[in-house]
Amino acid sequence: MPEKTLTKGQLAYETERARKAGKTLEVYLRDKAKAEAAAAAKEAPKPVKKPGLLSRLIEKGHKPLKSG
């Protein structure tokens with residue numbers, strides 16, 4: 001994953017957050033990236049959505065008629 005470049009404002013903000021956490025900027029950004037990756041991996045996938053009314057009717061229209 002390519003590393004993002006921070007603007008001056010973003011860099012100042014992240015530097016301040018790192019200082020408050022008692023870490024260097026590099027360590028803080030590395031830990032932040034790890035935490036975001038873990039949160040993304042932990043997030044459950046969305047359940048499969050049932051097809052809508054029109055989709056079901058169109059699908060039903062494509063099926064052959066029952067003969068009998």
# chains A, B, ... in the order shown; residues from 1 in each chain; ligands from 1
call {"tool": "residues_around", "arguments": {"residues": "Leu25 in chain A", "least_positions_apart": "2", "cutoff": "12 Å", "atoms": "only C-alpha atoms", "output": "list in words"}}
result
Gln10, Leu11, Ala12, Tyr13, Glu14, Thr15, Glu16, Arg17, Ala18, Arg19, Lys20, Ala21, Gly22, Lys23, Val27, Tyr28, Leu29, Arg30, Asp31 and Lys32 of chain A
call {"tool": "atom_distance", "arguments": {"atom1": "CA of Lys60 in chain A", "atom2": "CA of Val48 in chain A"}}
result
19.8 Å
call {"tool": "decode", "arguments": {"residues": "range 7-42 of chain A", "atoms": "N, CA and C atoms", "output": "JSON list (two decimals), in the first residue's frame"}}
result
[["chain", "number", "residue", "atom", "x", "y", "z"],
["A", 7, "THR", "N", -0.09, 16.79, 4.33],
["A", 7, "THR", "CA", 0.06, 18.23, 4.13],
["A", 7, "THR", "C", 0.66, 18.82, 5.41],
["A", 8, "LYS", "N", 1.00, 20.10, 5.35],
["A", 8, "LYS", "CA", 1.60, 20.75, 6.53],
["A", 8, "LYS", "C", 0.66, 20.69, 7.72],
["A", 9, "GLY", "N", -0.61, 20.95, 7.48],
["A", 9, "GLY", "CA", -1.59, 20.93, 8.56],
["A", 9, "GLY", "C", -1.76, 19.54, 9.14],
["A", 10, "GLN", "N", -1.84, 18.53, 8.28],
["A", 10, "GLN", "CA", -1.98, 17.15, 8.74],
["A", 10, "GLN", "C", -0.74, 16.71, 9.52],
["A", 11, "LEU", "N", 0.41, 17.11, 9.02],
["A", 11, "LEU", "CA", 1.67, 16.75, 9.68],
["A", 11, "LEU", "C", 1.74, 17.38, 11.07],
["A", 12, "ALA", "N", 1.32, 18.65, 11.18],
["A", 12, "ALA", "CA", 1.32, 19.33, 12.48],
["A", 12, "ALA", "C", 0.35, 18.64, 13.43],
["A", 13, "TYR", "N", -0.82, 18.27, 12.93],
["A", 13, "TYR", "CA", -1.83, 17.60, 13.75],
["A", 13, "TYR", "C", -1.31, 16.25, 14.26],
["A", 14, "GLU", "N", -0.77, 15.46, 13.36],
["A", 14, "GLU", "CA", -0.26, 14.14, 13.74],
["A", 14, "GLU", "C", 0.95, 14.26, 14.67],
["A", 15, "THR", "N", 1.78, 15.26, 14.47],
["A", 15, "THR", "CA", 2.93, 15.49, 15.35],
["A", 15, "THR", "C", 2.45, 15.80, 16.75],
["A", 16, "GLU", "N", 1.41, 16.62, 16.87],
["A", 16, "GLU", "CA", 0.86, 16.97, 18.18],
["A", 16, "GLU", "C", 0.24, 15.74, 18.85],
["A", 17, "ARG", "N", -0.47, 14.93, 18.08],
["A", 17, "ARG", "CA", -1.06, 13.70, 18.64],
["A", 17, "ARG", "C", 0.04, 12.74, 19.12],
["A", 18, "ALA", "N", 1.11, 12.63, 18.34],
["A", 18, "ALA", "CA", 2.22, 11.76, 18.72],
["A", 18, "ALA", "C", 2.89, 12.26, 19.99],
["A", 19, "ARG", "N", 3.05, 13.58, 20.09],
["A", 19, "ARG", "CA", 3.67, 14.17, 21.28],
["A", 19, "ARG", "C", 2.82, 13.89, 22.51],
["A", 20, "LYS", "N", 1.50, 14.02, 22.38],
["A", 20, "LYS", "CA", 0.60, 13.74, 23.51],
["A", 20, "LYS", "C", 0.64, 12.27, 23.90],
["A", 21, "ALA", "N", 0.86, 11.38, 22.91],
["A", 21, "ALA", "CA", 0.94, 9.95, 23.19],
["A", 21, "ALA", "C", 2.32, 9.55, 23.71],
["A", 22, "GLY", "N", 3.28, 10.47, 23.69],
["A", 22, "GLY", "CA", 4.62, 10.19, 24.17],
["A", 22, "GLY", "C", 5.42, 9.34, 23.22],
["A", 23, "LYS", "N", 5.16, 9.46, 21.93],
["A", 23, "LYS", "CA", 5.85, 8.66, 20.92],
["A", 23, "LYS", "C", 6.44, 9.59, 19.87],
["A", 24, "THR", "N", 7.35, 9.01, 19.06],
["A", 24, "THR", "CA", 7.84, 9.78, 17.93],
["A", 24, "THR", "C", 6.79, 9.72, 16.83],
["A", 25, "LEU", "N", 6.89, 10.61, 15.87],
["A", 25, "LEU", "CA", 5.91, 10.68, 14.79],
["A", 25, "LEU", "C", 5.89, 9.38, 13.99],
["A", 26, "GLU", "N", 7.06, 8.82, 13.71],
["A", 26, "GLU", "CA", 7.13, 7.59, 12.92],
["A", 26, "GLU", "C", 6.47, 6.43, 13.64],
["A", 27, "VAL", "N", 6.76, 6.29, 14.95],
["A", 27, "VAL", "CA", 6.18, 5.20, 15.73],
["A", 27, "VAL", "C", 4.67, 5.39, 15.84],
["A", 28, "TYR", "N", 4.25, 6.62, 16.06],
["A", 28, "TYR", "CA", 2.82, 6.91, 16.19],
["A", 28, "TYR", "C", 2.07, 6.58, 14.90],
["A", 29, "LEU", "N", 2.61, 6.98, 13.75],
["A", 29, "LEU", "CA", 1.96, 6.70, 12.48],
["A", 29, "LEU", "C", 1.95, 5.20, 12.18],
["A", 30, "ARG", "N", 3.02, 4.50, 12.53],
["A", 30, "ARG", "CA", 3.07, 3.05, 12.32],
["A", 30, "ARG", "C", 2.00, 2.36, 13.17],
["A", 31, "ASP", "N", 1.91, 2.74, 14.46],
["A", 31, "ASP", "CA", 0.92, 2.15, 15.35],
["A", 31, "ASP", "C", -0.50, 2.48, 14.90],
["A", 32, "LYS", "N", -0.69, 3.69, 14.42],
["A", 32, "LYS", "CA", -2.01, 4.11, 13.93],
["A", 32, "LYS", "C", -2.41, 3.28, 12.71],
["A", 33, "ALA", "N", -1.48, 3.04, 11.80],
["A", 33, "ALA", "CA", -1.77, 2.24, 10.61],
["A", 33, "ALA", "C", -2.09, 0.80, 11.00],
["A", 34, "LYS", "N", -1.38, 0.24, 11.97],
["A", 34, "LYS", "CA", -1.65, -1.12, 12.44],
["A", 34, "LYS", "C", -3.04, -1.20, 13.05],
["A", 35, "ALA", "N", -3.41, -0.21, 13.85],
["A", 35, "ALA", "CA", -4.72, -0.20, 14.50],
["A", 35, "ALA", "C", -5.84, -0.09, 13.47],
["A", 36, "GLU", "N", -5.64, 0.74, 12.45],
["A", 36, "GLU", "CA", -6.66, 0.88, 11.40],
["A", 36, "GLU", "C", -6.80, -0.41, 10.61],
["A", 37, "ALA", "N", -5.69, -1.08, 10.33],
["A", 37, "ALA", "CA", -5.73, -2.34, 9.60],
["A", 37, "ALA", "C", -6.44, -3.42, 10.42],
["A", 38, "ALA", "N", -6.18, -3.45, 11.72],
["A", 38, "ALA", "CA", -6.84, -4.43, 12.58],
["A", 38, "ALA", "C", -8.34, -4.16, 12.66],
["A", 39, "ALA", "N", -8.73, -2.90, 12.72],
["A", 39, "ALA", "CA", -10.14, -2.56, 12.78],
["A", 39, "ALA", "C", -10.84, -2.93, 11.47],
["A", 40, "ALA", "N", -10.16, -2.72, 10.36],
["A", 40, "ALA", "CA", -10.75, -3.08, 9.06],
["A", 40, "ALA", "C", -10.90, -4.59, 8.92],
["A", 41, "ALA", "N", -9.93, -5.33, 9.43],
["A", 41, "ALA", "CA", -9.99, -6.79, 9.35],
["A", 41, "ALA", "C", -11.06, -7.33, 10.29],
["A", 42, "LYS", "N", -11.27, -6.67, 11.41],
["A", 42, "LYS", "CA", -12.24, -7.12, 12.39],
["A", 42, "LYS", "C", -13.68, -6.87, 11.94]]
